[in-house]
Each structure stands twice: as structure tokens, then as C-alpha cells.
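**Q** So that you have it, the file is my_file.txt, and it contains compact mmCIF, C-alpha atoms:
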```
# COMPACT_ATOMS: atom_id res chain seq x y z
CA MET Z 123 68.75 93.51 96.94
CA ASP Z 124 68.44 96.73 98.87
CA VAL Z 125 70.65 99.05 96.83
CA SER Z 126 71.12 101.42 99.74
CA SER Z 127 72.99 98.94 101.91
CA VAL Z 128 75.81 96.49 101.36
CA ARG Z 129 76.08 95.20 104.91
CA LEU Z 130 73.76 94.98 107.89
CA GLU Z 131 75.36 97.93 109.65
CA ASP Z 132 74.28 100.27 106.84
CA ARG Z 133 70.64 99.84 107.81
CA LEU Z 134 68.68 102.15 110.06
CA ALA Z 135 66.90 100.39 112.89
CA GLY Z 136 63.56 102.05 112.28
CA GLU Z 137 64.54 105.36 113.80
CA THR Z 138 64.42 108.69 112.04
CA PRO Z 139 67.79 109.69 110.66
CA GLY Z 140 69.14 113.02 111.77
CA GLY Z 141 70.44 114.57 108.61
CA GLY Z 142 73.68 112.71 108.31
CA GLN Z 143 75.62 115.24 110.33
CA VAL Z 144 78.34 114.15 112.74
CA ASP Z 145 79.53 116.37 115.57
CA PRO Z 146 83.35 116.27 115.52
CA SER Z 147 83.75 118.19 118.80
CA PRO Z 148 84.41 115.10 120.97
CA MET Z 149 87.70 114.81 119.05
CA PHE Z 150 88.72 118.48 119.35
CA GLY Z 151 91.98 119.32 121.02
CA THR Z 152 95.72 118.91 120.72
CA TRP Z 153 96.81 115.30 120.36
CA HIS Z 154 100.40 114.32 121.15
CA ASN Z 155 102.16 111.21 119.90
CA THR Z 156 102.80 108.74 122.72
CA ASP Z 157 106.19 108.00 121.10
CA LYS Z 158 108.45 110.96 121.85
CA LYS Z 159 110.97 109.69 119.28
CA THR Z 160 108.55 109.22 116.43
CA GLY Z 161 109.70 109.83 112.89
CA GLY Z 162 106.12 110.48 111.89
CA ILE Z 163 103.46 112.86 113.11
CA VAL Z 164 104.37 114.49 116.41
CA ARG Z 165 101.12 116.24 117.17
CA MET Z 166 97.79 117.22 115.68
CA VAL Z 167 95.22 119.86 116.45
CA LEU Z 168 91.63 118.92 115.68
CA ALA Z 169 89.29 121.89 115.60
CA GLU Z 170 86.51 123.64 113.76
CA ARG Z 171 87.08 126.69 111.59
CA ASN Z 172 84.15 128.49 110.02
CA GLY Z 173 82.00 125.44 110.45
CA VAL Z 174 84.55 123.09 108.88
CA PHE Z 175 86.15 120.26 110.80
CA THR Z 176 89.92 120.64 110.43
CA VAL Z 177 93.13 118.81 111.24
CA HIS Z 178 96.52 120.50 111.56
CA ALA Z 179 99.54 118.20 111.82
CA TRP Z 180 103.19 118.70 112.69
CA ALA Z 181 105.70 115.98 111.79
CA ALA Z 182 109.15 114.99 112.97
CA GLY Z 183 112.02 117.00 111.53
CA SER Z 184 115.36 118.42 112.54
CA PRO Z 185 115.94 121.00 113.86
CA ASP Z 186 112.29 122.01 113.58
CA LEU Z 187 109.05 120.13 113.11
CA TYR Z 188 107.43 120.10 109.68
CA ASP Z 189 104.26 122.14 109.78
CA TRP Z 190 101.86 120.38 107.42
CA GLY Z 191 99.24 123.08 107.65
CA GLU Z 192 95.53 122.82 108.24
CA ILE Z 193 93.17 120.81 106.04
CA ALA Z 194 89.52 119.81 106.10
CA ALA Z 195 88.67 116.41 107.55
CA THR Z 196 85.61 114.17 107.47
CA ALA Z 197 84.20 113.07 110.81
CA HIS Z 198 82.69 109.63 111.30
CA ALA Z 199 80.41 108.27 113.99
CA ALA Z 200 80.29 104.74 115.38
CA ASN Z 201 77.16 103.85 113.39
CA VAL Z 202 74.61 105.29 110.98
CA GLN Z 203 72.37 106.67 113.74
CA SER Z 204 75.01 108.22 115.95
CA HIS Z 205 76.02 111.86 115.68
CA GLU Z 206 79.00 111.72 117.97
CA GLY Z 207 82.29 111.92 116.10
CA MET Z 208 84.79 109.22 117.00
CA ALA Z 209 86.86 108.84 113.82
CA PHE Z 210 88.03 110.92 110.89
CA SER Z 211 89.78 110.80 107.57
CA ALA Z 212 91.74 113.47 105.71
CA VAL Z 213 94.22 113.82 102.86
CA TYR Z 214 97.48 115.78 102.73
CA ASP Z 215 98.84 116.23 99.22
CA PHE Z 216 102.45 117.44 99.22
CA ASP Z 217 102.97 116.92 95.46
CA PHE Z 218 105.86 114.49 95.98
CA VAL Z 219 103.88 112.39 98.44
CA GLU Z 220 100.21 111.96 99.31
CA THR Z 221 99.39 111.08 102.90
CA ILE Z 222 95.97 109.78 103.85
CA LEU Z 223 95.06 110.02 107.51
CA ALA Z 224 92.61 107.46 108.88
CA ALA Z 225 92.04 107.70 112.60
CA TYR Z 226 89.69 106.65 115.35
CA THR Z 227 89.39 107.33 119.06
CA LYS Z 228 88.89 104.81 121.81
CA SER Z 229 89.11 105.18 125.56
CA GLY Z 230 90.79 108.59 125.31
CA ILE Z 231 93.42 107.43 122.84
CA LEU Z 232 93.52 108.43 119.19
CA VAL Z 233 94.88 105.76 116.84
CA LEU Z 234 96.20 107.17 113.59
CA ASP Z 235 96.98 105.18 110.47
CA THR Z 236 98.73 106.91 107.58
CA PHE Z 237 98.93 105.62 104.01
CA ASN Z 238 101.79 107.34 102.18
CA THR Z 239 102.14 107.26 98.40
CA PHE Z 240 105.22 108.75 96.70
CA LYS Z 241 104.68 110.47 93.40
CA ASP Z 242 108.25 111.61 92.69
CA GLY Z 243 109.79 108.47 91.19
CA SER Z 244 112.35 108.42 93.98
CA GLY Z 245 112.18 104.64 94.37
CA ARG Z 246 110.88 104.91 97.89
CA SER Z 247 108.25 102.35 98.77
CA ASN Z 248 104.79 103.56 99.62
CA TYR Z 249 104.41 102.96 103.32
CA PHE Z 250 101.96 102.60 106.17
CA THR Z 251 102.26 103.84 109.75
CA ARG Z 252 100.22 103.35 112.88
CA GLU Z 253 100.71 105.64 115.85
CA PHE Z 254 98.96 106.50 119.10
CA PHE Z 255 98.09 109.92 120.50
CA HIS Z 256 96.85 111.37 123.76
CA ARG Z 257 95.42 114.78 124.60
CA MET V 188 120.60 113.53 91.89
CA PRO V 189 118.51 116.18 93.66
CA PRO V 190 117.96 115.79 97.38
CA LEU V 191 114.87 113.88 98.37
CA GLN V 192 111.90 115.87 99.47
CA ILE V 193 110.60 114.77 102.82
CA SER V 194 107.59 115.61 104.95
CA ARG V 195 108.90 113.88 108.09
CA THR V 196 112.01 111.97 109.06
CA ARG V 197 110.41 108.64 108.20
CA ASP V 198 110.47 109.69 104.53
CA LEU V 199 114.29 109.55 104.55
CA ILE V 200 115.99 106.57 102.96
CA GLU V 201 119.32 105.56 104.40
CA GLU V 202 121.24 103.97 101.55
CA ALA V 203 123.03 106.32 99.16
CA GLY V 204 122.95 106.16 95.39
CA PRO V 205 120.26 105.31 92.86
CA ARG V 206 117.13 103.68 94.18
CA PRO V 207 115.72 101.21 91.69
CA ILE V 208 111.98 100.91 91.85
CA ARG V 209 111.17 97.39 93.04
CA PRO V 210 107.76 95.78 93.02
CA VAL V 211 106.08 95.27 96.35
CA ASP V 212 105.69 91.66 97.46
CA LEU V 213 101.92 91.29 97.71
CA SER V 214 101.93 87.72 98.99
CA PRO V 215 101.53 88.58 102.71
CA LEU V 216 98.08 89.98 101.89
CA THR V 217 96.71 87.50 99.41
CA GLY V 218 94.13 84.88 100.25
CA THR V 219 90.57 84.55 101.46
CA TRP V 220 90.10 86.32 104.78
CA VAL V 221 87.15 85.42 107.03
CA ASN V 222 85.75 87.60 109.80
CA PHE V 223 86.56 86.32 113.30
CA ASP V 224 83.23 87.67 114.50
CA THR V 225 80.44 85.52 113.09
CA ALA V 226 77.91 88.06 114.40
CA SER V 227 79.56 91.03 112.68
CA THR V 228 77.30 93.52 110.92
CA GLY V 229 80.16 94.73 108.75
CA ILE V 230 82.32 92.91 106.23
CA HIS V 231 81.73 89.17 106.00
CA HIS V 232 84.84 88.12 104.12
CA LEU V 233 87.38 89.33 101.57
CA GLU V 234 89.32 87.81 98.73
CA ILE V 235 92.64 89.44 97.99
CA ALA V 236 94.63 88.47 94.92
CA ASP V 237 97.85 89.36 93.14
CA ARG V 238 96.84 89.74 89.52
CA ASN V 239 99.85 90.64 87.37
CA ASP V 240 101.42 92.61 90.23
CA ARG V 241 98.18 94.44 90.92
CA LEU V 242 96.41 93.99 94.22
CA ILE V 243 92.77 93.13 93.65
CA VAL V 244 90.32 93.02 96.54
CA ARG V 245 86.79 91.63 96.51
CA ILE V 246 84.56 92.18 99.50
CA TRP V 247 81.35 90.59 100.70
CA GLY V 248 79.33 92.51 103.27
CA THR V 249 77.08 90.87 105.81
CA GLY V 250 73.52 90.29 104.63
CA ARG V 251 70.53 88.04 105.02
CA PRO V 252 70.14 85.46 103.73
CA ASP V 253 73.36 85.87 101.75
CA PRO V 254 76.34 88.22 101.99
CA HIS V 255 76.38 91.25 99.67
CA ASP V 256 78.99 91.00 96.93
CA TRP V 257 80.63 94.40 96.55
CA GLY V 258 82.61 93.33 93.53
CA GLU V 259 86.29 93.90 92.84
CA ALA V 260 88.39 96.98 93.42
CA VAL V 261 92.02 97.75 92.76
CA ALA V 262 93.81 98.26 96.06
CA GLU V 263 97.01 100.13 96.78
CA PRO V 264 99.58 98.17 98.80
CA PHE V 265 101.86 99.71 101.43
CA THR V 266 105.03 98.50 103.11
CA ASP V 267 106.31 99.16 106.60
CA GLY V 268 108.87 101.73 105.45
CA VAL V 269 110.42 103.54 102.49
CA GLY V 270 113.17 100.93 102.05
CA LEU V 271 111.02 97.83 102.47
CA HIS V 272 109.16 95.75 99.92
CA ALA V 273 106.80 93.40 101.74
CA ALA V 274 103.20 94.56 101.75
CA VAL V 275 101.78 95.04 105.24
CA ALA V 276 98.75 97.19 104.48
CA PHE V 277 96.47 98.33 101.71
CA ARG V 278 93.82 100.87 100.93
CA ALA V 279 90.92 100.70 98.52
CA VAL V 280 87.89 102.82 97.75
CA TYR V 281 84.45 101.52 96.83
CA ASP V 282 82.07 103.99 95.24
CA LEU V 283 78.77 102.15 95.60
CA GLY V 284 76.62 105.00 94.36
CA PHE V 285 74.60 105.47 97.52
CA ALA V 286 77.81 105.48 99.59
CA ARG V 287 81.57 105.77 99.30
CA VAL V 288 83.60 103.43 101.47
CA MET V 289 87.32 103.78 102.11
CA ILE V 290 88.80 100.46 103.17
CA ALA V 291 91.96 100.91 105.25
CA CYS V 292 93.65 97.65 106.24
CA TYR V 293 96.82 96.41 107.85
CA LEU V 294 98.35 93.16 108.98
CA ASN V 295 99.01 92.51 112.64
CA LYS V 296 100.87 89.22 112.80
CA ARG V 297 98.55 87.05 110.70
CA LEU V 298 95.47 89.05 111.60
CA LEU V 299 94.05 91.41 108.98
CA VAL V 300 92.50 94.51 110.52
CA VAL V 301 89.96 96.15 108.22
CA ASP V 302 88.65 99.64 108.92
CA ALA V 303 85.77 100.90 106.80
CA TYR V 304 85.11 104.65 106.59
CA THR V 305 81.66 105.07 105.03
CA VAL V 306 80.12 108.31 103.76
CA PHE V 307 76.56 108.17 102.43
CA GLN V 308 75.83 110.06 99.23
CA ASP V 309 72.11 109.37 98.93
CA GLY V 310 70.61 112.01 101.22
CA SER V 311 69.23 109.29 103.46
CA GLY V 312 70.30 111.10 106.60
CA ARG V 313 72.54 108.28 107.73
CA SER V 314 75.68 109.39 109.51
CA PRO V 315 79.12 108.76 108.08
CA TYR V 316 80.48 105.95 110.17
CA PHE V 317 83.56 103.96 111.06
CA GLN V 318 83.60 100.22 111.52
CA ARG V 319 86.41 97.79 112.31
CA ASP V 320 86.54 94.05 111.71
CA HIS V 321 89.26 91.43 112.14
CA PHE V 322 89.97 88.62 109.70
CA TYR V 323 91.97 85.43 109.45
CA ILE V 324 92.77 82.89 106.77
CA PRO V 325 91.14 79.58 107.78
```
In C-alpha cells, what does this structure look like?

**A**
Amino acid sequence: MDVSSVRLEDRLAGETPGGGQVDPSPMFGTWHNTDKKTGGIVRMVLAERNGVFTVHAWAAGSPDLYDWGEIAATAHAANVQSHEGMAFSAVYDFDFVETILAAYTKSGILVLDTFNTFKDGSGRSNYFTREFFHR
Amino acid sequence: MPPLQISRTRDLIEEAGPRPIRPVDLSPLTGTWVNFDTASTGIHHLEIADRNDRLIVRIWGTGRPDPHDWGEAVAEPFTDGVGLHAAVAFRAVYDLGFARVMIACYLNKRLLVVDAYTVFQDGSGRSPYFQRDHFYIP
């Protein structure tokens, strides 16, 4: 067994790899939730700061949005030979809850899944969300 | 009881009083899930089990002549909201040595959508990549 692949997509098709770097810039910008009444993430800014791909999220709150701050994110391409970023993952740790962002872009829309794990013993169920964003 | 901390309005729970911790019903996720796409280059099939209230996932990746057995991993189940108890999604991480794969999955009706976020750790120059597959229980 080839120990450097666990599915066919992991394999290079005979071309020279390019260093494993993915350009996140196709995802840069301010992304707004298509649901104006969301109880989740209202908007995100994807950018680069000092060479690091970052995500900055704001979430629904009253009277003001919750500013989650800026964190580093990992950009993903569509396959092992591509360098064009089209997806990302990132982790927000708020002590009482950990939120994992897993997102991809398609046809100008960003689809964001969040996986939310409570760590405060509050009895709240860990929950999943799926929301859509536009620039 | 101190007020709940929240990071967004969805974190709020509506009912007042103590909130007993209830186990999540894993049954919506359990079973053997087969890829709809027989030509997929990603995940071939998955087995998901409830083992003493723990969600155990076992994945086979596409391969020739046989699928690659990734082995078992403990997965974390998720519901559709803070007050709900039926599992609708899960997340698991495979550290395969040469690569780390985050599996992020959710149910859509009786379709299981599986997103794999792969980061290579072997210096091979392969790009981190995202791949999506769709599964059903035959």
C-alpha cells in the first residue's frame, strides 16, 4: 500500500507539485449572510495579515453584534495540484464553547458549516449550523 | 445559576431552570453509508456505529484494486440546536501520518454529506485540499 495516499484523489497525476502552498486571495473580501435574521454568523472578513490567511467573524447579538476577533485560517484548494484557494477551516475557542468553521466557495457563494462544542457544563447540546454568504 | 455565556443568539436556550445533560441520539447517523458516485476519487464508504454512546466512524477511501481502510476514529456528534438531542452532523479527525484529514459531515434528509479537509504533513508539495462526497444507506 502506498502510505502517502488513502484515496485516489491524494495522488499526483505525474506533475511536479508546487510546494503545497494555496493562494487564499480568491476568497478575500467581506462575506454577508444571505439570511438577514440569522442567529449565527452575520458576516466575515477573509484577508491576509503579515502573510497569514485570516478570518474575522461577527455574530448575531442584541443590541450589537458579537465581534469574534481575527484568527488564522487554513486555505484549501480543490485538489492536490491546484493552488487556488476555494475552501478554508479555522477554530474559534471562546473557553465556554469551541466553534470550528468549515467552509467552501462555489459559484460566488460561500457555504459555512460550524461545529459548536460547549465546554461549560451548561447542558446545551453541541450543535451544527450551515449558512450561506455572499460578497 | 449564573447567566449563560453566549457567542451568538443561537447559543441561547429558551427554557428556564436547570438543564440536565442528555445523551445525543446517535441513531440518525449509524449504518453503512455508500458513495452515490461510483467514480469518486474520494471516500468509498463509511461505517458509523453507536458503541456505548460513543460515535465511532470507520472510513474506506477509494483505491485500486481495493479501497483503503483508514481504520476507526471517535467522532463528535452535533445536533441541530442547543435544545435538541438528535444527531444531525458529526466531525472526526484522522491523523494518517503523511496527512491530517478533518471529516465534517451532516445529514440532509437521508443523504449524508461528507466534506474532507486534507492537509499534507509529508513535505510532498501537495496542496491542502477540500473534497465533498454524498452517501446513502443501500

**Q** Go through Z:Leu232, Z:Asp186, Z:Val128, Z:Ala194 and flag the residue nearest Arg195 of chain V, using all atoms listed in the file for the distances.

**A**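 Between Z:Leu232, Z:Asp186, Z:Val128, Z:Ala194, the residue approaching Arg195 of chain V most closely is Z:Asp186.
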
**Q** Kindly indicate which residue among V:Val261, V:Val221, V:Ile230, V:Leu199 lies nearest to Asp302 of chain V, using only C-alpha atoms for the distances.

**A** V:Ile230

**Q** List as a Markdown table every residue of chain Z that is in contact with chain V, defined as an atom at most 6 Å from one of its atoms (using all atoms listed in the file), together with the nearest atom pair and the distance in Å rounded to one decimal, sorted by chain and then rising number.

**A**
```
| residue | atom | partner | partner_atom | distance |
| --- | --- | --- | --- | --- |
| Z:Ser126 | CA | V:Phe285 | CA | 5.8 |
| Z:Val128 | CA | V:His255 | CA | 5.5 |
| Z:Arg129 | CA | V:Gly248 | CA | 4.5 |
| Z:Leu130 | CA | V:Thr228 | CA | 4.9 |
| Z:Glu131 | CA | V:Thr228 | CA | 5.0 |
| Z:Pro139 | CA | V:Gly312 | CA | 5.0 |
| Z:Gly140 | CA | V:Gly312 | CA | 5.6 |
| Z:Gly141 | CA | V:Gly312 | CA | 4.0 |
| Z:Gly142 | CA | V:Ser314 | CA | 4.1 |
| Z:Gln143 | CA | V:Ser314 | CA | 5.9 |
| Z:Gly161 | CA | V:Arg197 | CA | 4.9 |
| Z:Gly162 | CA | V:Arg195 | CA | 5.8 |
| Z:Ala181 | CA | V:Arg195 | CA | 5.3 |
| Z:Ala182 | CA | V:Arg195 | CA | 5.0 |
| Z:Gly183 | CA | V:Arg195 | CA | 5.6 |
| Z:His198 | CA | V:Tyr316 | CA | 4.4 |
| Z:Ala199 | CA | V:Tyr316 | CA | 4.5 |
| Z:Ala200 | CA | V:Tyr316 | CA | 5.4 |
| Z:Asn201 | CA | V:Tyr316 | CA | 5.1 |
| Z:Val202 | CA | V:Ser314 | CA | 4.5 |
| Z:Gly245 | CA | V:Ile208 | CA | 4.5 |
| Z:Arg246 | CA | V:Val269 | CA | 4.8 |
| Z:Ser247 | CA | V:Val269 | CA | 4.5 |
| Z:Asn248 | CA | V:Phe265 | CA | 5.2 |
| Z:Tyr249 | CA | V:Thr266 | CA | 4.5 |
| Z:Phe250 | CA | V:Phe265 | CA | 5.6 |
```

**Q** Rounded to one decimal in Å, what is the spacing between atom CA of Phe322 of chain V and atom CA of Ala236 of chain V?

**A**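 We find that atom CA of Phe322 of chain V and atom CA of Ala236 of chain V lie 15.5 Å from each other.
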
**Q** For Asp320 of chain V, which of V:Leu233, V:Phe223, V:Gly218, V:Leu213 is the closest residue, counting all atoms listed in the file?

**A**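 Selected residue with least distance to Asp320 of chain V: V:Phe223.
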
**Q** Calculated over only C-alpha atoms, which of the candidates V:Arg287, V:Arg245, V:Arg297, V:His321 has the smallest distance to Asp224 of chain V?

**A**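 Nearest candidate to Asp224 of chain V out of V:Arg287, V:Arg245, V:Arg297, V:His321: V:His321.
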
**Q** Atom CA of Ala224 of chain Z and atom CA of Ser204 of chain Z are how many Å apart?

**A** 19.0 Å

**Q** Would you please work out which residue, of Z:Gly243, Z:Gly191, Z:Gly173, Z:Gly207, is nearest to Lys228 of chain Z when using all atoms listed in the file?

**A**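 Of the candidates, the smallest distance to Lys228 of chain Z is held by Z:Gly207.
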
**Q** Which distance in Å separates atom CA of Glu206 of chain Z and atom CA of Ser147 of chain Z, to one decimal?

**A**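 Value for the atom CA of Glu206 of chain Z-atom CA of Ser147 of chain Z distance: 8.1 Å.
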
**Q** Would you mind listing what lies within 8 Å of segment 213-221 of chain Z as a list of chain:residue names, with all atoms listed in the file counted and same-chain residues fewer than 3 positions away left out?

**A**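 After dropping sequence-adjacent residues, the list is Z:Trp190, Z:Ile193, Z:Ala195, Z:Thr236, Z:Phe237, Z:Asn238, Z:Thr239, Z:Phe240, Z:Lys241, Z:Asp242, V:Gln192, V:Ser194.
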
**Q** How would the residues just picked look written out with C-alpha atoms as a PDB file, in the frame of the given file?

**A**
```pdb
ATOM      1  CA  TRP Z 190     101.860 120.380 107.420  1.00  0.00           C
ATOM      2  CA  ILE Z 193      93.170 120.810 106.040  1.00  0.00           C
ATOM      3  CA  ALA Z 195      88.670 116.410 107.550  1.00  0.00           C
ATOM      4  CA  THR Z 236      98.730 106.910 107.580  1.00  0.00           C
ATOM      5  CA  PHE Z 237      98.930 105.620 104.010  1.00  0.00           C
ATOM      6  CA  ASN Z 238     101.790 107.340 102.180  1.00  0.00           C
ATOM      7  CA  THR Z 239     102.140 107.260  98.400  1.00  0.00           C
ATOM      8  CA  PHE Z 240     105.220 108.750  96.700  1.00  0.00           C
ATOM      9  CA  LYS Z 241     104.680 110.470  93.400  1.00  0.00           C
ATOM     10  CA  ASP Z 242     108.250 111.610  92.690  1.00  0.00           C
TER      11      ASP Z 242
ATOM     12  CA  GLN V 192     111.900 115.870  99.470  1.00  0.00           C
ATOM     13  CA  SER V 194     107.590 115.610 104.950  1.00  0.00           C
TER      14      SER V 194
END
```

**Q** Could you give me, as a JSON list (two decimals) with C-alpha atoms, in the coordinates of the input, the residues within 8 Å of Ala197 of chain Z, counting all atoms listed in the file and dropping anything in the same chain fewer than 6 positions from it?

**A**
```json
[["chain", "number", "residue", "atom", "x", "y", "z"],
["Z", 144, "VAL", "CA", 78.34, 114.15, 112.74],
["Z", 145, "ASP", "CA", 79.53, 116.37, 115.57],
["Z", 146, "PRO", "CA", 83.35, 116.27, 115.52],
["Z", 175, "PHE", "CA", 86.15, 120.26, 110.80],
["Z", 207, "GLY", "CA", 82.29, 111.92, 116.10],
["Z", 208, "MET", "CA", 84.79, 109.22, 117.00],
["Z", 209, "ALA", "CA", 86.86, 108.84, 113.82],
["Z", 210, "PHE", "CA", 88.03, 110.92, 110.89],
["Z", 211, "SER", "CA", 89.78, 110.80, 107.57],
["V", 315, "PRO", "CA", 79.12, 108.76, 108.08]]
```

**Q** Residues within 8 Å of Ile243 of chain V, please, as a list in words. Count only C-alpha atoms; anything in the same chain fewer than 6 positions from it doesn't count.

**A**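 Those residues are Ile235, Ala236, Asp237, Glu259, Ala260, Val261 and Ala262 of chain V.
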
**Q** Find the axis-aligned box for segment 274-290 of chain V, covering all its listed atoms and adding 8 Å on each side, and write its centre and edge lengths in Å to one decimal as lines of an AutoDock Vina configuration file.

**A**
```
center_x = 88.9
center_y = 100.2
center_z = 99.8
size_x = 44.6
size_y = 27.2
size_z = 26.9
```

**Q** Could you write segment 207-217 of chain V of the block just shown to a file containing all heavy atoms, as a tab-separated table (two decimals), in the first residue's frame?

**A**
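After the write, out38.tsv holds the following:
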```tsv
chain	number	residue	atom	x	y	z
V	207	PRO	N	-30.67	19.48	32.46
V	207	PRO	CA	-29.97	18.21	32.61
V	207	PRO	C	-29.25	17.84	31.32
V	207	PRO	O	-29.78	18.05	30.23
V	207	PRO	CB	-31.10	17.21	32.91
V	207	PRO	CG	-32.32	17.85	32.35
V	207	PRO	CD	-32.13	19.33	32.49
V	208	ILE	N	-28.07	17.31	31.47
V	208	ILE	CA	-27.32	16.88	30.29
V	208	ILE	C	-27.90	15.57	29.79
V	208	ILE	O	-27.95	14.59	30.52
V	208	ILE	CB	-25.82	16.75	30.61
V	208	ILE	CG1	-25.26	18.12	30.97
V	208	ILE	CG2	-25.07	16.13	29.44
V	208	ILE	CD1	-23.82	18.11	31.42
V	209	ARG	N	-28.38	15.56	28.57
V	209	ARG	CA	-28.99	14.36	27.98
V	209	ARG	C	-28.09	13.85	26.87
V	209	ARG	O	-27.49	14.64	26.13
V	209	ARG	CB	-30.37	14.70	27.42
V	209	ARG	CG	-31.41	14.99	28.49
V	209	ARG	CD	-32.69	15.48	27.87
V	209	ARG	NE	-33.17	14.65	26.77
V	209	ARG	CZ	-34.18	14.99	25.96
V	209	ARG	NH1	-34.77	16.16	26.12
V	209	ARG	NH2	-34.56	14.19	25.00
V	210	PRO	N	-28.02	12.53	26.75
V	210	PRO	CA	-27.20	11.99	25.66
V	210	PRO	C	-27.82	12.32	24.31
V	210	PRO	O	-29.04	12.44	24.18
V	210	PRO	CB	-27.21	10.49	25.92
V	210	PRO	CG	-28.43	10.25	26.73
V	210	PRO	CD	-28.64	11.48	27.56
V	211	VAL	N	-26.98	12.46	23.34
V	211	VAL	CA	-27.44	12.70	21.97
V	211	VAL	C	-27.86	11.38	21.35
V	211	VAL	O	-27.19	10.35	21.52
V	211	VAL	CB	-26.31	13.37	21.16
V	211	VAL	CG1	-26.68	13.46	19.69
V	211	VAL	CG2	-26.01	14.74	21.72
V	212	ASP	N	-28.98	11.39	20.65
V	212	ASP	CA	-29.44	10.19	19.93
V	212	ASP	C	-28.61	10.06	18.66
V	212	ASP	O	-28.73	10.86	17.72
V	212	ASP	CB	-30.92	10.35	19.60
V	212	ASP	CG	-31.44	9.22	18.73
V	212	ASP	OD1	-30.72	8.21	18.57
V	212	ASP	OD2	-32.57	9.35	18.21
V	213	LEU	N	-27.77	9.03	18.64
V	213	LEU	CA	-26.84	8.85	17.52
V	213	LEU	C	-27.46	8.09	16.35
V	213	LEU	O	-26.86	8.01	15.27
V	213	LEU	CB	-25.59	8.11	18.00
V	213	LEU	CG	-24.83	8.76	19.18
V	213	LEU	CD1	-23.66	7.88	19.59
V	213	LEU	CD2	-24.35	10.15	18.80
V	214	SER	N	-28.64	7.52	16.57
V	214	SER	CA	-29.19	6.58	15.59
V	214	SER	C	-29.40	7.18	14.18
V	214	SER	O	-29.28	6.44	13.19
V	214	SER	CB	-30.50	5.98	16.10
V	214	SER	OG	-31.48	6.97	16.29
V	215	PRO	N	-29.69	8.50	14.04
V	215	PRO	CA	-29.84	9.00	12.67
V	215	PRO	C	-28.57	8.85	11.82
V	215	PRO	O	-28.65	8.88	10.58
V	215	PRO	CB	-30.20	10.47	12.88
V	215	PRO	CG	-30.82	10.53	14.23
V	215	PRO	CD	-30.04	9.53	15.03
V	216	LEU	N	-27.42	8.71	12.48
V	216	LEU	CA	-26.16	8.66	11.73
V	216	LEU	C	-25.64	7.25	11.51
V	216	LEU	O	-24.79	7.03	10.63
V	216	LEU	CB	-25.08	9.45	12.48
V	216	LEU	CG	-25.29	10.95	12.62
V	216	LEU	CD1	-24.23	11.54	13.57
V	216	LEU	CD2	-25.20	11.65	11.26
V	217	THR	N	-26.12	6.30	12.29
V	217	THR	CA	-25.47	5.00	12.26
V	217	THR	C	-25.87	4.18	11.03
V	217	THR	O	-26.97	4.30	10.51
V	217	THR	CB	-25.79	4.20	13.54
V	217	THR	OG1	-27.21	4.06	13.65
V	217	THR	CG2	-25.26	4.90	14.77
```
